[in-house]
file query13.cif (mmCIF, C-alpha atoms)
data_start
#
loop_
_atom_site.label_atom_id
_atom_site.label_comp_id
_atom_site.auth_asym_id
_atom_site.auth_seq_id
_atom_site.Cartn_x
_atom_site.Cartn_y
_atom_site.Cartn_z
CA MET A 21 152.60 192.57 159.07
CA ASP A 22 150.15 190.05 160.49
CA LEU A 23 149.10 190.67 164.07
CA SER A 24 146.78 188.91 166.45
CA LEU A 25 145.32 191.01 169.26
CA GLN A 26 144.76 188.80 172.28
CA GLY A 27 142.94 189.48 175.52
CA LEU A 28 140.01 191.37 173.99
CA SER A 29 136.37 190.57 174.56
CA GLN A 30 134.49 188.80 171.79
CA GLU A 31 132.57 192.01 171.15
CA ASP A 32 135.73 194.07 170.70
CA ARG A 33 137.31 191.39 168.50
CA ASP A 34 134.22 191.47 166.31
CA LEU A 35 134.32 195.26 166.13
CA ILE A 36 137.97 195.22 165.10
CA ARG A 37 137.31 192.52 162.55
CA THR A 38 134.51 194.61 161.09
CA ARG A 39 136.59 197.75 161.14
CA TYR A 40 139.63 196.32 159.38
CA GLY A 41 137.61 194.08 157.12
CA LEU A 42 139.55 192.13 154.55
CA PHE A 43 142.85 193.19 156.06
CA THR A 44 142.17 190.71 158.88
CA PHE A 45 142.86 186.98 158.87
CA GLN A 46 140.41 184.37 159.90
CA PRO A 47 140.57 183.52 163.63
CA GLY A 48 143.33 181.09 164.52
CA SER A 49 145.75 182.17 161.78
CA LEU A 50 149.17 180.71 162.49
CA GLN A 51 150.91 183.53 160.64
CA ALA A 52 149.84 186.23 163.01
CA ALA A 53 152.21 187.73 165.60
CA PRO A 54 150.54 187.92 169.02
CA ILE A 55 150.01 191.21 170.81
CA GLN A 56 148.63 190.80 174.30
CA VAL A 57 146.21 193.56 175.27
CA VAL A 58 146.20 194.25 179.02
CA ASP A 59 144.66 196.73 181.42
CA ALA A 60 147.06 199.60 182.09
CA GLU A 61 146.00 199.99 185.71
CA VAL A 62 147.07 203.65 185.53
CA PRO A 63 145.00 206.68 184.45
CA GLY A 64 147.28 207.49 181.52
CA PHE A 65 150.79 207.50 180.09
CA LEU A 66 151.07 211.12 178.95
CA LYS A 67 149.61 214.32 180.27
CA THR A 68 148.13 216.91 177.95
CA VAL A 69 150.38 219.95 177.76
CA GLN A 70 149.55 223.48 176.71
CA VAL A 71 150.78 224.59 173.31
CA ALA A 72 152.37 228.03 173.49
CA GLY A 73 151.11 228.15 177.06
CA ARG A 74 147.51 228.56 175.97
CA HIS A 75 145.89 225.75 174.00
CA PRO A 76 145.91 222.06 174.85
CA GLU A 77 147.86 220.03 172.32
CA ILE A 78 145.79 218.14 169.77
CA TYR A 79 147.50 214.80 170.14
CA ARG A 80 150.92 213.51 171.06
CA LEU A 81 152.47 210.13 170.56
CA GLU A 82 156.00 209.24 171.58
CA HIS A 83 158.12 206.32 170.51
CA ARG A 84 161.49 204.81 171.38
CA TRP A 85 163.57 202.00 169.97
CA ARG A 86 165.30 199.40 172.10
CA SER A 87 167.15 197.17 169.64
CA ASP A 88 164.37 195.55 167.56
CA ARG A 89 161.70 196.55 170.03
CA LEU A 90 159.54 199.56 169.29
CA VAL A 91 157.94 201.19 172.32
CA ALA A 92 155.11 203.64 171.68
CA TYR A 93 152.90 205.48 174.12
CA SER A 94 150.34 208.22 174.24
CA TYR A 95 147.66 209.41 176.66
CA GLU A 96 145.55 206.29 176.47
CA PHE A 97 148.02 203.49 175.78
CA ALA A 98 151.56 202.22 176.01
CA GLY A 99 152.75 199.30 173.97
CA TRP A 100 155.73 197.55 172.51
CA TYR A 101 156.33 195.29 169.59
CA ASP A 102 159.47 193.32 168.86
CA TYR A 103 160.02 193.03 165.11
CA GLN A 104 162.53 190.23 165.66
CA THR A 105 160.58 187.92 167.96
CA ARG A 106 157.24 189.09 166.52
CA ARG A 107 155.60 189.55 169.89
CA GLY A 108 154.10 192.56 171.61
CA GLU A 109 152.02 193.94 174.41
CA LEU A 110 149.56 196.80 174.55
CA ALA A 111 148.47 198.33 177.86
CA VAL A 112 145.27 200.34 177.52
CA VAL A 113 143.69 202.76 179.94
CA LYS A 114 140.19 201.61 179.01
CA SER A 115 139.72 197.97 178.17
CA SER A 116 136.54 198.54 176.19
CA GLY A 117 134.71 201.17 174.16
CA ASP A 118 135.94 204.02 171.99
CA LEU A 119 139.09 204.69 173.98
CA LEU A 120 140.19 201.08 173.56
CA HIS A 121 139.63 201.22 169.82
CA ARG A 122 141.44 204.54 169.51
CA ALA A 123 144.38 203.07 171.41
CA VAL A 124 144.47 200.00 169.18
CA GLU A 125 144.22 202.09 166.02
CA ASN A 126 147.00 204.49 167.04
CA PHE A 127 149.29 201.69 168.17
CA LEU A 128 148.76 199.85 164.89
CA ARG A 129 149.47 203.03 162.93
CA VAL A 130 152.85 203.41 164.61
CA LEU A 131 153.72 199.75 164.07
CA THR A 132 152.68 200.00 160.44
CA ALA A 133 154.76 203.14 159.81
CA HIS A 134 157.87 201.42 161.12
CA TRP A 135 157.00 198.16 159.38
CA PHE A 136 157.09 199.98 156.05
CA LEU A 137 160.28 201.79 157.00
CA ARG A 138 162.10 198.59 157.93
CA ARG A 139 161.29 197.21 154.50
CA GLY A 140 162.44 200.18 152.49
CA GLY A 141 158.99 201.68 152.19
CA LEU A 142 157.05 204.53 153.72
CA LEU A 143 153.71 205.25 155.31
CA LEU A 144 152.90 208.62 153.80
CA HIS A 145 150.40 211.16 155.06
CA ALA A 146 148.77 211.36 151.65
CA SER A 147 145.79 210.47 149.57
CA GLY A 148 146.16 207.96 146.79
CA VAL A 149 144.20 207.45 143.59
CA VAL A 150 144.61 204.64 141.06
CA ARG A 151 143.93 205.65 137.47
CA GLU A 152 144.53 203.29 134.57
CA GLY A 153 146.31 200.89 136.90
CA MET A 154 148.83 203.45 138.13
CA ALA A 155 148.88 205.03 141.58
CA HIS A 156 149.10 208.80 141.99
CA LEU A 157 149.82 210.07 145.49
CA PHE A 158 148.95 213.53 146.80
CA PHE A 159 150.53 214.83 149.96
CA GLY A 160 150.77 218.00 151.98
CA PRO A 161 149.77 219.35 155.36
CA SER A 162 146.20 219.26 156.62
CA GLY A 163 144.01 221.49 154.49
CA SER A 164 146.19 221.18 151.38
CA GLY A 165 143.52 219.23 149.50
CA LYS A 166 144.27 215.54 149.95
CA THR A 167 140.64 214.60 150.42
CA THR A 168 139.47 217.11 147.80
CA VAL A 169 141.62 215.41 145.19
CA THR A 170 139.96 212.07 145.88
CA MET A 171 136.56 213.68 145.47
CA LEU A 172 137.67 215.05 142.10
CA SER A 173 138.59 211.55 140.96
CA GLU A 174 135.21 210.03 140.25
CA GLY A 175 135.37 206.51 138.93
CA ASP A 176 138.92 205.89 140.11
CA LEU A 177 140.01 203.59 142.91
CA VAL A 178 140.85 205.67 145.98
CA LEU A 179 143.55 203.99 148.08
CA GLY A 180 142.99 206.40 150.94
CA ASP A 181 142.50 210.06 151.74
CA ASP A 182 144.84 210.30 154.71
CA LEU A 183 147.43 207.52 154.80
CA VAL A 184 148.91 205.47 151.97
CA GLY A 185 151.66 202.87 152.00
CA ILE A 186 154.62 202.90 149.60
CA ARG A 187 156.39 199.58 149.08
CA GLU A 188 159.71 199.00 147.37
CA THR A 189 159.54 196.34 144.69
CA GLY A 190 163.00 195.81 143.30
CA SER A 191 164.05 199.04 141.63
CA THR A 192 160.55 200.51 141.57
CA TYR A 193 157.84 201.42 144.02
CA GLU A 194 154.18 200.67 144.38
CA ALA A 195 151.43 202.18 146.48
CA CYS A 196 148.92 200.30 148.56
CA ALA A 197 146.04 200.96 150.90
CA VAL A 198 146.49 200.60 154.63
CA PRO A 199 143.75 199.39 156.96
CA PHE A 200 143.06 202.74 158.57
CA ARG A 201 140.05 204.87 158.03
CA GLY A 202 140.76 208.21 156.44
CA LEU A 203 139.05 211.46 157.20
CA TYR A 204 136.01 210.69 155.10
CA ARG A 205 136.58 207.28 153.62
CA GLU A 206 136.88 203.70 154.67
CA PRO A 207 139.97 202.04 153.19
CA PRO A 208 139.35 199.97 150.07
CA GLN A 209 139.23 196.27 150.73
CA THR A 210 142.41 195.40 148.94
CA GLY A 211 146.03 194.91 149.86
CA GLN A 212 147.05 194.99 146.20
CA GLY A 213 149.94 197.21 145.22
CA PHE A 214 149.79 199.54 142.22
CA PRO A 215 152.86 200.88 140.36
CA LEU A 216 153.63 204.40 141.46
CA ALA A 217 153.09 206.92 138.67
CA GLY A 218 154.03 209.97 140.70
CA VAL A 219 153.98 211.72 144.03
CA ASN A 220 152.50 215.19 144.11
CA ARG A 221 152.87 217.87 146.76
CA LEU A 222 149.53 219.67 146.70
CA VAL A 223 149.33 223.45 146.37
CA GLN A 224 145.93 225.09 146.02
CA ASP A 225 146.08 227.72 143.30
CA GLN A 226 144.09 229.68 140.70
CA ARG A 227 145.26 227.46 137.83
CA ASP A 228 146.56 223.97 137.26
CA PHE A 229 150.24 223.41 136.64
CA LEU A 230 153.13 221.24 137.70
CA GLU A 231 156.20 222.70 139.34
CA GLU A 232 159.52 220.92 139.31
CA ILE A 233 161.36 221.10 142.62
CA PRO A 234 165.00 220.32 143.42
CA PRO A 235 165.71 216.81 144.70
CA SER A 236 166.79 218.13 148.10
CA ARG A 237 163.44 219.84 148.55
CA ARG A 238 161.49 216.85 147.21
CA ALA A 239 162.99 214.78 149.99
CA ALA A 240 162.43 217.47 152.62
CA GLU A 241 158.80 217.99 151.70
CA MET A 242 158.08 214.27 151.73
CA MET A 243 159.87 213.89 155.05
CA ALA A 244 157.53 216.45 156.52
CA SER A 245 154.62 214.16 155.64
CA LEU A 246 155.89 210.99 157.29
CA PRO A 247 153.97 210.32 160.50
CA PHE A 248 155.32 208.47 163.52
CA VAL A 249 158.85 207.77 162.28
CA MET A 250 160.60 211.09 162.74
CA GLY A 251 162.97 210.98 165.63
CA GLY A 252 166.04 208.93 166.37
CA GLU A 253 167.27 206.47 163.79
CA GLY A 254 163.92 206.44 162.07
CA ALA A 255 164.47 209.91 160.67
CA SER A 256 167.80 208.99 159.08
CA ARG A 257 166.36 205.80 157.65
CA ALA A 258 163.37 207.72 156.30
CA LEU A 259 165.70 210.22 154.64
CA GLU A 260 167.64 207.43 153.00
CA ILE A 261 164.46 205.83 151.64
CA THR A 262 162.98 209.16 150.60
CA GLY A 263 166.20 209.91 148.72
CA ARG A 264 165.99 206.64 146.80
CA LEU A 265 162.33 207.23 146.10
CA ALA A 266 163.06 210.75 144.84
CA ASN A 267 165.47 209.28 142.30
CA ALA A 268 163.07 206.58 141.12
CA VAL A 269 159.72 208.34 141.06
CA THR A 270 158.46 211.67 139.79
CA ILE A 271 157.89 214.03 142.72
CA ARG A 272 156.52 217.47 141.87
CA ARG A 273 154.34 220.22 143.24
CA LEU A 274 150.87 220.07 141.79
CA HIS A 275 149.17 223.45 141.75
CA PHE A 276 145.48 222.83 141.27
CA ARG A 277 142.02 224.34 141.32
CA LYS A 278 138.98 222.62 142.72
CA SER A 279 138.35 220.86 139.44
CA PRO A 280 139.25 217.46 138.00
CA ASP A 281 141.17 219.24 135.23
CA PHE A 282 144.45 218.66 137.05
CA TRP A 283 144.27 215.06 135.86
CA ARG A 284 145.20 216.24 132.36
CA LEU A 285 148.63 217.09 133.77
CA LEU A 286 149.24 213.75 135.39
CA ALA A 287 148.66 211.24 132.65
CA PRO A 288 150.58 209.72 131.08
CA ALA A 289 153.18 209.40 133.80
CA ALA A 290 156.37 211.29 133.13
CA SER A 291 159.84 210.02 133.89
CA PRO A 292 161.70 211.31 136.90
CA ALA A 293 163.68 214.50 136.32
CA MET B 19 174.74 222.43 172.47
CA SER B 20 177.88 224.54 171.99
CA ARG B 21 181.13 223.58 170.37
CA PRO B 22 183.61 222.08 172.83
CA SER B 23 185.99 225.02 172.46
CA PRO B 24 186.57 227.75 169.88
CA ALA B 25 189.76 226.01 168.78
CA ALA B 26 188.18 222.60 168.25
CA PRO B 27 187.45 221.80 164.62
CA PRO B 28 183.71 222.04 164.01
CA LYS B 29 181.85 218.78 163.54
CA ARG B 30 178.40 217.79 162.36
CA HIS B 31 176.06 216.54 165.05
CA PRO B 32 176.79 212.79 165.13
CA THR B 33 173.14 211.78 164.97
CA ALA B 34 172.10 214.23 162.26
CA GLY B 35 170.94 212.38 159.18
CA PHE B 36 171.76 213.97 155.85
CA ARG B 37 171.84 213.24 152.18
CA VAL B 38 173.21 215.37 149.38
CA PHE B 39 171.03 215.64 146.27
CA GLU B 40 172.71 217.23 143.27
CA GLY B 41 174.91 219.34 145.53
CA GLN B 42 172.20 220.34 148.00
CA ALA B 43 171.98 218.72 151.41
CA THR B 44 168.78 217.72 153.13
CA ILE B 45 169.38 217.36 156.85
CA VAL B 46 167.13 215.87 159.45
CA MET B 47 167.96 216.27 163.10
CA PRO B 48 167.57 213.36 165.52
CA ASP B 49 164.43 214.65 167.14
CA GLY B 50 162.89 214.99 163.71
CA SER B 51 161.47 218.38 164.51
CA TYR B 52 163.32 220.23 161.74
CA ILE B 53 164.29 219.38 158.22
CA HIS B 54 166.89 221.68 156.71
CA VAL B 55 167.77 222.16 153.05
CA LEU B 56 171.11 223.84 152.39
CA ASN B 57 172.30 225.64 149.30
CA GLU B 58 175.35 224.46 147.39
CA ILE B 59 177.97 226.27 149.48
CA GLY B 60 176.25 225.45 152.76
CA SER B 61 176.05 221.82 151.70
CA ARG B 62 179.77 221.74 150.89
CA VAL B 63 180.65 223.27 154.25
CA TRP B 64 178.35 220.78 155.97
CA GLU B 65 180.21 217.94 154.29
CA LEU B 66 183.52 219.41 155.47
CA LEU B 67 182.44 219.45 159.12
CA ASP B 68 184.18 216.19 159.94
CA GLY B 69 185.78 217.31 163.19
CA GLU B 70 189.22 217.27 161.57
CA LYS B 71 189.30 220.43 159.48
CA ASP B 72 189.36 223.68 161.39
CA GLU B 73 187.50 226.78 160.31
CA SER B 74 190.48 228.20 158.44
CA GLN B 75 190.93 225.02 156.41
CA ILE B 76 187.24 225.02 155.54
CA VAL B 77 187.51 228.62 154.37
CA ASN B 78 190.49 227.64 152.19
CA ILE B 79 188.49 224.90 150.51
CA VAL B 80 185.50 227.19 149.97
CA CYS B 81 187.79 229.77 148.35
CA GLU B 82 189.27 227.08 146.07
CA GLU B 83 185.95 225.62 144.99
CA PHE B 84 183.73 228.70 144.73
CA GLU B 85 184.23 232.10 143.20
CA THR B 86 184.53 234.21 146.31
CA THR B 87 187.06 236.31 148.16
CA ARG B 88 188.67 235.09 151.34
CA GLU B 89 187.10 237.91 153.29
CA VAL B 90 183.61 236.98 152.17
CA ALA B 91 184.24 233.27 152.66
CA GLU B 92 185.50 233.85 156.21
CA ARG B 93 182.46 235.89 157.10
CA ASP B 94 180.00 233.46 155.49
CA VAL B 95 181.55 230.35 157.04
CA ARG B 96 181.65 232.01 160.48
CA GLU B 97 178.01 233.05 160.22
CA PHE B 98 176.99 229.67 158.89
CA LEU B 99 178.70 227.86 161.75
CA ALA B 100 176.99 230.17 164.22
CA THR B 101 173.63 229.34 162.64
CA LEU B 102 174.35 225.62 162.83
CA GLU B 103 175.35 225.98 166.44
CA ALA B 104 172.22 227.95 167.26
CA ASN B 105 170.17 225.14 165.70
CA ARG B 106 172.08 222.51 167.67
CA MET B 107 173.39 220.96 164.51
CA LEU B 108 177.00 220.71 165.63
CA GLY B 109 178.28 217.91 167.80
#
call {"tool": "encode", "arguments": {"input": "query13.cif", "output": "structure tokens"}}
result
Amino acid sequence: MDLSLQGLSQEDRDLIRTRYGLFTFQPGSLQAAPIQVVDAEVPGFLKTVQVAGRHPEIYRLEHRWRSDRLVAYSYEFAGWYDYQTRRGELAVVKSSGDLLHRAVENFLRVLTAHWFLRRGGLLLHASGVVREGMAHLFFGPSGSGKTTVTMLSEGDLVLGDDLVGIRETGSTYEACAVPFRGLYREPPQTGQGFPLAGVNRLVQDQRDFLEEIPPSRRAAEMMASLPFVMGGEGASRALEITGRLANAVTIRRLHFRKSPDFWRLLAPAASPA
Amino acid sequence: MSRPSPAAPPKRHPTAGFRVFEGQATIVMPDGSYIHVLNEIGSRVWELLDGEKDESQIVNIVCEEFETTREVAERDVREFLATLEANRMLG
């Protein structure tokens, strides 16, 4: 997905170019789909609501499909992108500064999640580590250890500690970095795909072991870690892809301690059950 | 959402996405807020909810395919349908 954000100041363009590094094209690329960034002229597109009547929600992002057009909006932005005509528009509450960059980042994350989905892949809320040329993914809810696993993988290439892309390549799958900063890491400067060795649902435990899980639960647990696509047709499509992935790739629960010893369990890659 | 009438054959929610893996169904509802995994019998009943078979016919099939008495099957299917209805999984 090659996008060109138009209507930004030179300073903001430079900041975005710096932020996304090698994932960006040189200015004037003819391949890039234009997204016009405009001033929203309204204070916001969503209001913060109270969770359980007490606490303000952490973040909310809504999306809708209209044919090939994806519409996404949150507090600070509303935007659309048409995957057929390859054009889009992004209205932002603040046309400069941190709020602008947060809006751009969140909008791009949604577009990227659906871009993967439309091509038979997934954007997974996971960390990814490449060892001996093979990608190992680690997923689970916040606090399950995604970042910890990357820190226990010294010397390996870390694809990300928060979001990782999964691409379908014929009958197999490969993992790749996405241009979004993780919790503690910048994304690696590579768009290269690495064959998927396995996908591991993280479970913190007192010892290291692998737990086989039924295919129905493999799919359900992965589905719970797919950001931005749940809802409407996206959920059904994601289930279809997750089902195919579950048949092609080893998906297990990895019980682990805070030690790199868990790596002994993961290599060499095992065949799917 | 409630079933149109007690006599109408039960039917899966039309926008529920599901896939059966080795006899167990994983179901995702259109709003994506819940992902359900059913056991083997629940998955079979889910598959039978095509809007054509009534509850009695579904019980017959469950009795044929699983080792259970009609009394137990009737109770389990009724309770299962009530659960699906409560979770807005019927259309």
call {"tool": "atom_distance", "arguments": {"input": "query13.cif", "atom1": "atom CA of Tyr95 of chain A", "atom2": "atom CA of Lys67 of chain A"}}
result
6.4 Å
call {"tool": "residues_around", "arguments": {"input": "query13.cif", "residues": "Gly109 of chain B", "least_positions_apart": "3", "cutoff": "7 Å", "atoms": "only C-alpha atoms", "output": "number ranges by chain"}}
result
B: 21, 29-32
call {"tool": "closest_atom_pairs", "arguments": {"input": "query13.cif", "of": "chain B", "to": "chain A", "cutoff": "7 Å", "atoms": "all atoms listed in the file", "output": "JSON lines"}}
result
{"residue": "B:Gly35", "atom": "CA", "partner": "A:Ser256", "partner_atom": "CA", "distance": 4.6}
{"residue": "B:Phe39", "atom": "CA", "partner": "A:Ser236", "partner_atom": "CA", "distance": 5.2}
{"residue": "B:Gln42", "atom": "CA", "partner": "A:Ser236", "partner_atom": "CA", "distance": 5.8}
{"residue": "B:Ala43", "atom": "CA", "partner": "A:Ser236", "partner_atom": "CA", "distance": 6.2}
{"residue": "B:Thr44", "atom": "CA", "partner": "A:Ser236", "partner_atom": "CA", "distance": 5.4}
{"residue": "B:Val46", "atom": "CA", "partner": "A:Ala255", "partner_atom": "CA", "distance": 6.6}
{"residue": "B:Pro48", "atom": "CA", "partner": "A:Gly252", "partner_atom": "CA", "distance": 4.8}
{"residue": "B:Asp49", "atom": "CA", "partner": "A:Gly251", "partner_atom": "CA", "distance": 4.2}
{"residue": "B:Gly50", "atom": "CA", "partner": "A:Gly251", "partner_atom": "CA", "distance": 4.4}
{"residue": "B:Ile53", "atom": "CA", "partner": "A:Ala240", "partner_atom": "CA", "distance": 6.2}
{"residue": "B:Val55", "atom": "CA", "partner": "A:Ser236", "partner_atom": "CA", "distance": 6.5}
call {"tool": "atom_distance", "arguments": {"input": "query13.cif", "atom1": "atom CA of His145 of chain A", "atom2": "atom CA of Gln104 of chain A"}}
result
26.4 Å
call {"tool": "atom_distance", "arguments": {"input": "query13.cif", "atom1": "atom CA of Arg33 of chain A", "atom2": "atom CA of Leu144 of chain A"}}
result
27.5 Å
call {"tool": "closest_residue", "arguments": {"input": "query13.cif", "among": "B:Gln75, B:Tyr52, B:Val38, B:Thr87", "to": "Arg264 of chain A", "atoms": "only C-alpha atoms"}}
result
B:Val38
call {"tool": "resolve_selection", "arguments": {"input": "query13.cif", "expression": "the PyMOL selection byres ((chain A and resi 118-120) around 12)", "output": "PDB file with C-alpha atoms, in the frame of the given file"}}
result
ATOM      1  CA  LEU A  28     140.010 191.370 173.990  1.00  0.00           C
ATOM      2  CA  SER A  29     136.370 190.570 174.560  1.00  0.00           C
ATOM      3  CA  ASP A  32     135.730 194.070 170.700  1.00  0.00           C
ATOM      4  CA  ARG A  33     137.310 191.390 168.500  1.00  0.00           C
ATOM      5  CA  LEU A  35     134.320 195.260 166.130  1.00  0.00           C
ATOM      6  CA  ILE A  36     137.970 195.220 165.100  1.00  0.00           C
ATOM      7  CA  VAL A  57     146.210 193.560 175.270  1.00  0.00           C
ATOM      8  CA  VAL A  58     146.200 194.250 179.020  1.00  0.00           C
ATOM      9  CA  ASP A  59     144.660 196.730 181.420  1.00  0.00           C
ATOM     10  CA  ALA A  60     147.060 199.600 182.090  1.00  0.00           C
ATOM     11  CA  GLY A  64     147.280 207.490 181.520  1.00  0.00           C
ATOM     12  CA  SER A  94     150.340 208.220 174.240  1.00  0.00           C
ATOM     13  CA  TYR A  95     147.660 209.410 176.660  1.00  0.00           C
ATOM     14  CA  GLU A  96     145.550 206.290 176.470  1.00  0.00           C
ATOM     15  CA  PHE A  97     148.020 203.490 175.780  1.00  0.00           C
ATOM     16  CA  ALA A  98     151.560 202.220 176.010  1.00  0.00           C
ATOM     17  CA  LEU A 110     149.560 196.800 174.550  1.00  0.00           C
ATOM     18  CA  ALA A 111     148.470 198.330 177.860  1.00  0.00           C
ATOM     19  CA  VAL A 112     145.270 200.340 177.520  1.00  0.00           C
ATOM     20  CA  VAL A 113     143.690 202.760 179.940  1.00  0.00           C
ATOM     21  CA  LYS A 114     140.190 201.610 179.010  1.00  0.00           C
ATOM     22  CA  SER A 115     139.720 197.970 178.170  1.00  0.00           C
ATOM     23  CA  SER A 116     136.540 198.540 176.190  1.00  0.00           C
ATOM     24  CA  GLY A 117     134.710 201.170 174.160  1.00  0.00           C
ATOM     25  CA  HIS A 121     139.630 201.220 169.820  1.00  0.00           C
ATOM     26  CA  ARG A 122     141.440 204.540 169.510  1.00  0.00           C
ATOM     27  CA  ALA A 123     144.380 203.070 171.410  1.00  0.00           C
ATOM     28  CA  VAL A 124     144.470 200.000 169.180  1.00  0.00           C
ATOM     29  CA  GLU A 125     144.220 202.090 166.020  1.00  0.00           C
ATOM     30  CA  ASN A 126     147.000 204.490 167.040  1.00  0.00           C
ATOM     31  CA  PHE A 127     149.290 201.690 168.170  1.00  0.00           C
TER      32      PHE A 127
END
call {"tool": "resolve_selection", "arguments": {"input": "query13.cif", "expression": "the PyMOL selection byres ((chain A and resi 26) around 8)", "output": "list in words"}}
result
Ser24, Leu25, Gly27, Leu28, Pro54, Ile55, Gln56 and Val57 of chain A
call {"tool": "resolve_selection", "arguments": {"input": "query13.cif", "expression": "the PyMOL selection byres ((chain A and resi 172-186) around 6)", "output": "list in words"}}
result
Gly141, Leu142, Leu143, Leu144, His145, Ala146, Ser147, Gly148, Val149, Val150, Arg151, Thr167, Val169, Thr170, Met171, Arg187, Glu194, Ala195, Cys196, Ala197, Gly202, Pro207 and Pro280 of chain A
call {"tool": "write_last_selection", "arguments": {"input": "query13.cif", "atoms": "C-alpha atoms", "output": "compact mmCIF listing (two decimals), in the frame of the given file"}}
result
# COMPACT_ATOMS: atom_id res chain seq x y z
CA GLY A 141 158.99 201.68 152.19
CA LEU A 142 157.05 204.53 153.72
CA LEU A 143 153.71 205.25 155.31
CA LEU A 144 152.90 208.62 153.80
CA HIS A 145 150.40 211.16 155.06
CA ALA A 146 148.77 211.36 151.65
CA SER A 147 145.79 210.47 149.57
CA GLY A 148 146.16 207.96 146.79
CA VAL A 149 144.20 207.45 143.59
CA VAL A 150 144.61 204.64 141.06
CA ARG A 151 143.93 205.65 137.47
CA THR A 167 140.64 214.60 150.42
CA VAL A 169 141.62 215.41 145.19
CA THR A 170 139.96 212.07 145.88
CA MET A 171 136.56 213.68 145.47
CA ARG A 187 156.39 199.58 149.08
CA GLU A 194 154.18 200.67 144.38
CA ALA A 195 151.43 202.18 146.48
CA CYS A 196 148.92 200.30 148.56
CA ALA A 197 146.04 200.96 150.90
CA GLY A 202 140.76 208.21 156.44
CA PRO A 207 139.97 202.04 153.19
CA PRO A 280 139.25 217.46 138.00
call {"tool": "residues_near_point", "arguments": {"input": "query13.cif", "point": "(186.5, 223.9, 152.3)", "cutoff": "10 Å", "atoms": "all atoms listed in the file", "output": "VMD selection string"}}
result
chain B and resid 59 62 to 67 71 to 84 91 95
call {"tool": "closest_residue", "arguments": {"input": "query13.cif", "among": "B:Leu56, B:Glu40, B:Asp68, B:Thr86", "to": "Thr101 of chain B", "atoms": "only C-alpha atoms"}}
result
B:Leu56
call {"tool": "residues_around", "arguments": {"input": "query13.cif", "residues": "Asp228 of chain A", "least_positions_apart": "2", "cutoff": "7 Å", "atoms": "all atoms listed in the file", "output": "list in words"}}
result
His275, Phe276, Arg277 and Phe282 of chain A
call {"tool": "residues_around", "arguments": {"input": "query13.cif", "residues": "Phe98 of chain B", "least_positions_apart": "5", "cutoff": "9 Å", "atoms": "all atoms listed in the file", "output": "NGL selection string"}}
result
:B and (60 or 63 or 93 or 103)
call {"tool": "closest_residue", "arguments": {"input": "query13.cif", "among": "A:Val198, A:Leu81, A:Val130, A:Leu274", "to": "Asp225 of chain A", "atoms": "all atoms listed in the file"}}
result
A:Leu274
call {"tool": "closest_residue", "arguments": {"input": "query13.cif", "among": "A:Thr168, A:Ser162, A:Thr105, A:Thr270", "to": "Asn220 of chain A", "atoms": "all atoms listed in the file"}}
result
A:Thr270
call {"tool": "axis_aligned_box", "arguments": {"input": "query13.cif", "around": "segment 86-96 of chain B", "padding_each_side": "3 Å", "output": "AutoDock Vina command-line options"}}
result
--center_x 184.3 --center_y 234.1 --center_z 153.4 --size_x 14.7 --size_y 13.6 --size_z 20.2
call {"tool": "closest_residue", "arguments": {"input": "query13.cif", "among": "A:Arg273, A:Phe229, A:Arg106, A:Asp34", "to": "Phe159 of chain A", "atoms": "only C-alpha atoms"}}
result
A:Arg273
